[in-house]
>>> print(open('protein17.txt').read())   # compact mmCIF, C-alpha atoms
# COMPACT_ATOMS: atom_id res chain seq x y z
CA MET P 1 -6.60 25.62 -72.17
CA LEU P 2 -5.69 22.37 -70.43
CA LYS P 3 -3.11 24.20 -68.35
CA MET P 4 -5.71 26.75 -67.29
CA LYS P 5 -8.10 23.99 -66.16
CA LYS P 6 -5.33 22.41 -64.07
CA ASN P 7 -4.61 25.77 -62.44
CA VAL P 8 -8.31 26.23 -61.64
CA LEU P 9 -8.48 22.78 -60.06
CA LYS P 10 -5.38 23.49 -57.99
CA ILE P 11 -6.79 26.80 -56.79
CA THR P 12 -10.13 25.15 -55.94
CA ALA P 13 -8.39 22.38 -54.00
CA VAL P 14 -6.27 24.85 -52.03
CA LEU P 15 -9.32 26.99 -51.18
CA GLY P 16 -11.30 23.90 -50.12
CA LEU P 17 -8.49 22.65 -47.87
CA THR P 18 -8.06 26.12 -46.37
CA THR P 19 -11.78 26.27 -45.58
CA VAL P 20 -11.69 22.89 -43.83
CA LEU P 21 -8.65 23.85 -41.78
CA LEU P 22 -10.08 27.19 -40.74
CA ASN P 23 -13.37 25.59 -39.69
CA SER P 24 -11.64 22.86 -37.69
CA CYS P 25 -9.58 25.42 -35.75
CA GLY P 26 -12.42 27.86 -35.28
CA PRO P 27 -14.80 28.34 -32.34
CA LYS P 28 -16.32 25.21 -30.77
CA GLU P 29 -19.84 26.54 -30.43
CA ASN P 30 -22.50 24.77 -32.46
CA VAL P 31 -20.11 22.22 -33.87
CA PRO P 32 -22.24 20.00 -36.14
CA LEU P 33 -20.19 16.78 -35.69
CA VAL P 34 -17.35 15.94 -33.31
CA TYR P 35 -15.51 12.67 -33.08
CA PHE P 36 -14.34 11.69 -29.58
CA PRO P 37 -16.04 14.65 -27.90
CA ASP P 38 -14.53 13.86 -24.49
CA MET P 39 -11.14 14.50 -26.11
CA TYR P 40 -12.33 17.48 -28.16
CA PHE P 41 -13.74 19.12 -25.02
CA PRO P 42 -11.09 18.68 -22.28
CA VAL P 43 -12.52 17.64 -18.90
CA ALA P 44 -10.77 18.35 -15.60
CA TYR P 45 -12.58 17.15 -12.48
CA ASP P 46 -12.01 18.50 -9.00
CA PRO P 47 -12.05 15.65 -6.44
CA LEU P 48 -15.47 16.41 -4.93
CA MET P 49 -17.21 18.34 -7.73
CA LYS P 50 -20.49 17.15 -9.16
CA ALA P 51 -19.59 15.54 -12.45
CA GLN P 52 -21.15 17.13 -15.50
CA ASP P 53 -21.11 15.90 -19.07
CA ALA P 54 -18.72 18.29 -20.80
CA TYR P 55 -20.49 18.34 -24.16
CA SER P 56 -24.19 18.16 -23.36
CA ASP P 57 -26.78 19.51 -20.93
CA HIS P 58 -27.57 16.26 -19.09
CA GLU P 59 -25.75 15.04 -15.97
CA ASN P 60 -22.98 12.52 -16.36
CA GLU P 61 -24.46 9.02 -16.18
CA ILE P 62 -21.24 7.12 -15.50
CA PRO P 63 -22.42 4.45 -13.01
CA ALA P 64 -19.53 4.98 -10.60
CA PHE P 65 -20.36 8.69 -10.38
CA VAL P 66 -24.10 8.07 -10.03
CA LYS P 67 -23.48 5.60 -7.18
CA ASN P 68 -21.31 8.20 -5.46
CA ASN P 69 -24.00 10.93 -5.74
CA PHE P 70 -22.20 12.18 -8.87
CA ALA P 71 -19.07 13.07 -6.89
CA THR P 72 -15.83 12.34 -8.73
CA GLY P 73 -13.76 11.47 -5.65
CA LEU P 74 -14.29 7.70 -5.68
CA SER P 75 -13.41 5.08 -3.07
CA PRO P 76 -10.63 2.53 -3.75
CA VAL P 77 -11.61 -0.37 -5.97
CA GLU P 78 -12.89 -3.36 -3.99
CA GLY P 79 -10.07 -5.78 -3.35
CA SER P 80 -7.35 -3.16 -3.65
CA VAL P 81 -5.11 -2.33 -0.71
CA ALA P 82 -5.62 1.15 0.69
CA GLN P 83 -2.42 2.91 1.70
CA ASN P 84 -2.02 3.33 5.46
CA LYS P 85 -5.63 2.38 6.15
CA ASP P 86 -4.74 1.67 9.79
CA GLY P 87 -3.35 5.15 10.32
CA VAL P 88 -0.05 3.62 11.46
CA PHE P 89 2.87 5.48 9.97
CA GLU P 90 5.67 3.45 8.47
CA GLU P 91 8.86 3.33 10.46
CA GLY P 92 11.76 5.57 9.58
CA LEU P 93 15.03 4.48 8.08
CA LEU P 94 16.19 1.00 9.01
CA PRO P 95 19.12 0.84 11.44
CA LYS P 96 22.43 0.93 9.60
CA THR P 97 24.76 -0.45 12.28
CA PRO P 98 24.55 -3.21 14.91
CA ASP P 99 24.59 -0.56 17.63
CA GLU P 100 21.60 1.21 16.10
CA TYR P 101 19.79 -2.09 15.68
CA ASN P 102 20.45 -3.22 19.25
CA ALA P 103 19.39 0.12 20.68
CA GLY P 104 16.14 -0.08 18.72
CA TYR P 105 15.53 -3.65 19.81
CA ASP P 106 16.09 -2.81 23.48
CA ALA P 107 13.69 0.13 23.18
CA SER P 108 11.07 -2.03 21.44
CA LYS P 109 10.95 -4.39 24.43
CA LYS P 110 9.42 -1.58 26.46
CA VAL P 111 6.47 -1.31 24.07
CA MET P 112 3.64 -3.30 25.66
CA ALA P 113 0.72 -2.36 23.37
CA SER P 114 0.21 -1.92 19.64
CA PRO P 115 -0.90 1.47 18.27
CA LEU P 116 -3.96 -0.11 16.63
CA ASN P 117 -7.44 0.68 17.93
CA LEU P 118 -7.99 -1.38 21.07
CA ALA P 119 -11.69 -1.75 20.24
CA ASN P 120 -10.73 -3.89 17.23
CA ALA P 121 -8.26 -6.08 19.12
CA GLU P 122 -10.25 -9.30 18.70
CA LYS P 123 -10.50 -8.89 14.92
CA ASP P 124 -6.88 -7.76 14.69
CA ILE P 125 -5.72 -10.89 16.50
CA GLU P 126 -7.87 -13.06 14.23
CA ARG P 127 -6.23 -11.52 11.18
CA GLY P 128 -2.84 -11.81 12.85
CA LYS P 129 -3.41 -15.57 13.21
CA ILE P 130 -4.20 -15.92 9.50
CA LEU P 131 -1.12 -13.91 8.53
CA PHE P 132 1.11 -15.79 10.97
CA GLU P 133 0.07 -19.17 9.62
CA LYS P 134 0.60 -18.03 6.02
CA THR P 135 3.82 -16.09 6.53
CA CYS P 136 5.58 -17.28 9.67
CA ALA P 137 4.47 -20.83 10.51
CA ALA P 138 6.73 -22.43 7.87
CA CYS P 139 9.63 -21.81 10.26
CA HIS P 140 8.06 -20.93 13.60
CA GLY P 141 5.39 -23.65 13.46
CA VAL P 142 1.65 -23.15 13.96
CA GLY P 143 2.24 -23.69 17.68
CA GLY P 144 5.04 -21.12 17.86
CA ASP P 145 7.48 -23.83 18.98
CA GLY P 146 10.02 -23.23 16.21
CA GLN P 147 9.24 -26.58 14.60
CA GLY P 148 7.69 -25.57 11.31
CA PRO P 149 7.94 -27.83 8.24
CA ILE P 150 11.09 -26.11 6.98
CA VAL P 151 12.83 -26.77 10.30
CA GLN P 152 11.57 -30.36 10.46
CA SER P 153 12.89 -30.99 6.96
CA GLY P 154 16.38 -30.17 8.19
CA ALA P 155 16.77 -27.28 5.76
CA PHE P 156 16.90 -24.71 8.54
CA SER P 157 17.54 -24.74 12.29
CA GLY P 158 17.85 -22.48 15.29
CA VAL P 159 14.29 -21.10 15.26
CA PRO P 160 13.42 -20.31 18.90
CA ASN P 161 10.34 -21.39 20.81
CA TYR P 162 8.30 -18.32 21.69
CA ALA P 163 7.57 -19.82 25.12
CA ASP P 164 11.29 -19.60 25.95
CA ARG P 165 11.73 -16.02 24.77
CA GLU P 166 11.48 -12.75 26.69
CA ILE P 167 9.48 -10.76 24.18
CA THR P 168 6.85 -8.04 24.02
CA VAL P 169 4.45 -7.03 21.30
CA GLY P 170 6.88 -4.22 20.50
CA SER P 171 9.92 -6.48 20.15
CA VAL P 172 8.02 -8.95 17.93
CA HIS P 173 6.97 -6.08 15.70
CA TYR P 174 10.54 -4.75 15.64
CA VAL P 175 11.93 -8.11 14.51
CA LEU P 176 9.22 -8.43 11.85
CA THR P 177 10.20 -4.99 10.58
CA ASN P 178 13.99 -5.18 10.82
CA GLY P 179 14.78 -8.89 10.99
CA ARG P 180 17.01 -10.53 13.59
CA ASN P 181 19.98 -12.88 13.28
CA ALA P 182 19.15 -15.32 10.45
CA MET P 183 15.61 -13.98 10.01
CA GLY P 184 15.23 -11.23 7.45
CA SER P 185 12.83 -8.28 7.49
CA TYR P 186 9.21 -8.95 6.61
CA ALA P 187 8.40 -5.29 5.98
CA GLY P 188 8.09 -6.13 2.29
CA GLN P 189 5.55 -8.90 2.91
CA LEU P 190 3.44 -7.27 5.64
CA ASN P 191 2.39 -3.65 5.93
CA ALA P 192 2.85 -1.75 9.19
CA GLY P 193 -0.64 -2.51 10.55
CA ASP P 194 -0.42 -6.21 9.72
CA ARG P 195 2.98 -6.53 11.39
CA TRP P 196 1.37 -5.26 14.57
CA ARG P 197 -1.48 -7.76 14.13
CA VAL P 198 0.96 -10.66 13.83
CA ALA P 199 2.80 -9.41 16.92
CA MET P 200 -0.49 -9.18 18.81
CA TYR P 201 -1.35 -12.74 17.81
CA VAL P 202 2.06 -14.06 18.88
CA MET P 203 1.66 -12.51 22.33
CA SER P 204 -1.95 -13.66 22.64
CA ALA P 205 -1.39 -17.24 21.47
CA PHE P 206 2.08 -18.08 22.71
CA LYS P 207 2.74 -15.71 25.60
CA LYS P 208 -0.85 -15.15 26.75
CA GLY P 209 -0.32 -11.41 26.40
CA ALA P 210 2.48 -11.45 28.97
CA ALA P 211 5.09 -8.72 28.90
CA ALA P 212 8.81 -9.32 29.15
CA PRO P 213 10.09 -9.20 32.74
CA ALA P 214 11.38 -5.79 33.77
CA ALA P 215 14.71 -7.39 34.62
CA ALA P 216 15.31 -8.22 30.96
CA ALA P 217 16.25 -4.68 30.02
CA ALA P 218 18.48 -4.35 33.08
CA THR P 219 20.27 -7.59 32.20
CA THR P 220 20.88 -6.35 28.67
CA GLU P 221 22.33 -3.07 29.93
CA ALA P 222 24.51 -4.85 32.50
CA LYS P 223 26.20 -6.90 29.80
CA PRO P 224 27.05 -4.55 26.94
CA GLU P 225 28.10 -6.11 23.69
CA THR P 226 31.75 -5.69 22.71
CA THR P 227 31.35 -7.24 19.27
CA THR P 228 29.95 -5.57 16.18
CA GLU P 229 27.70 -8.53 15.50
CA THR P 230 23.97 -8.45 16.33
CA LYS P 231 23.22 -9.76 19.82
CA LYS P 232 21.77 -13.25 19.93
>>> encode(input="protein17.txt", output="structure tokens")
Amino acid sequence: MLKMKKNVLKITAVLGLTTVLLNSCGPKENVPLVYFPDMYFPVAYDPLMKAQDAYSDHENEIPAFVKNNFATGLSPVEGSVAQNKDGVFEEGLLPKTPDEYNAGYDASKKVMASPLNLANAEKDIERGKILFEKTCAACHGVGGDGQGPIVQSGAFSGVPNYADREITVGSVHYVLTNGRNAMGSYAGQLNAGDRWRVAMYVMSAFKKGAAAPAAAAATTEAKPETTTETKK
């Protein structure tokens, strides 16, 4: 008798468990209770679709969607850095040999204007000044004379005075991107647009926007380098 009761209880338990399992895997219509409904009902948004609540009839009330007219393609978070916001494409592969570097540097001297929107030049130069003083002035000095605090401390030397250099906005940008002599590349610290802004500021503040003399390129070509080291 006792054994029969145990068998009945086992059968009842198995039937009950089977019922629960079948109900949980059955159709999702008219489900009486669902935990984590946004996981139970998978939601896949298209970038510009009007967001709908997946498990009810009312519109999605997520504030970010409401602010964006319920569209799910949101703008970057305030304070984040948008990729390529300036529309300036990153440069290609860095030069691998001194000859490649020198050829690129000579070509950069012929670039007399940045690719940034000319209408924003005043603001770009203002930002370039801020970036220069934060990133470059430690060596180059706030006056561009090569007498920044690191140089004055005696820890580093040989930083040129911009006033004595034959440079263009293109060559300044090239050096910021690829480095030159003892100066390393700043492509990791400044994005492409900001490197152009710093170059614009350097030309505006220390060269008064002047371009390198046309004779500079001819002089460079007349005296080809015979060494594998970067030209000074």
>>> atom_distance(input="protein17.txt", atom1="CA of Leu116 (chain P)", atom2="CA of Gly184 (chain P)")
24.0 Å
>>> residues_around(input="protein17.txt", residues="Ser185 (chain P)", least_positions_apart="3", cutoff="12 Å", atoms="all atoms listed in the file", output="list in words")
Leu94, Pro95, Thr135, Cys136, Val172, His173, Tyr174, Val175, Leu176, Thr177, Asn178, Gly179, Arg180, Asn181, Ala182, Gly188, Gln189, Leu190, Asn191 and Arg195 of chain P
>>> residues_around(input="protein17.txt", residues="Ser171 (chain P)", least_positions_apart="6", cutoff="10 Å", atoms="all atoms listed in the file", output="ChimeraX atom specification")
/P:104-112,177,199,212
>>> atom_distance(input="protein17.txt", atom1="CA of Gly146 (chain P)", atom2="CA of Leu131 (chain P)")
16.4 Å
>>> residues_around(input="protein17.txt", residues="Ile130 (chain P)", least_positions_apart="5", cutoff="12 Å", atoms="only C-alpha atoms", output="list of chain:residue names")
P:Lys123, P:Asp124, P:Ile125, P:Thr135, P:Cys136, P:Ala137, P:Val142, P:Asp194, P:Arg195, P:Arg197, P:Val198, P:Tyr201, P:Val202
>>> atom_distance(input="protein17.txt", atom1="CA of Glu100 (chain P)", atom2="CA of Gly158 (chain P)")
24.0 Å
>>> closest_residue(input="protein17.txt", among="P:Lys208, P:Gly128, P:Ala138, P:Lys96", to="Ile150 (chain P)", atoms="all atoms listed in the file")
P:Ala138
>>> residues_around(input="protein17.txt", residues="region 151-155 of chain P", least_positions_apart="4", cutoff="10 Å", atoms="only C-alpha atoms", output="MDAnalysis selection string")
chainID P and resid 138:141 146:147 159
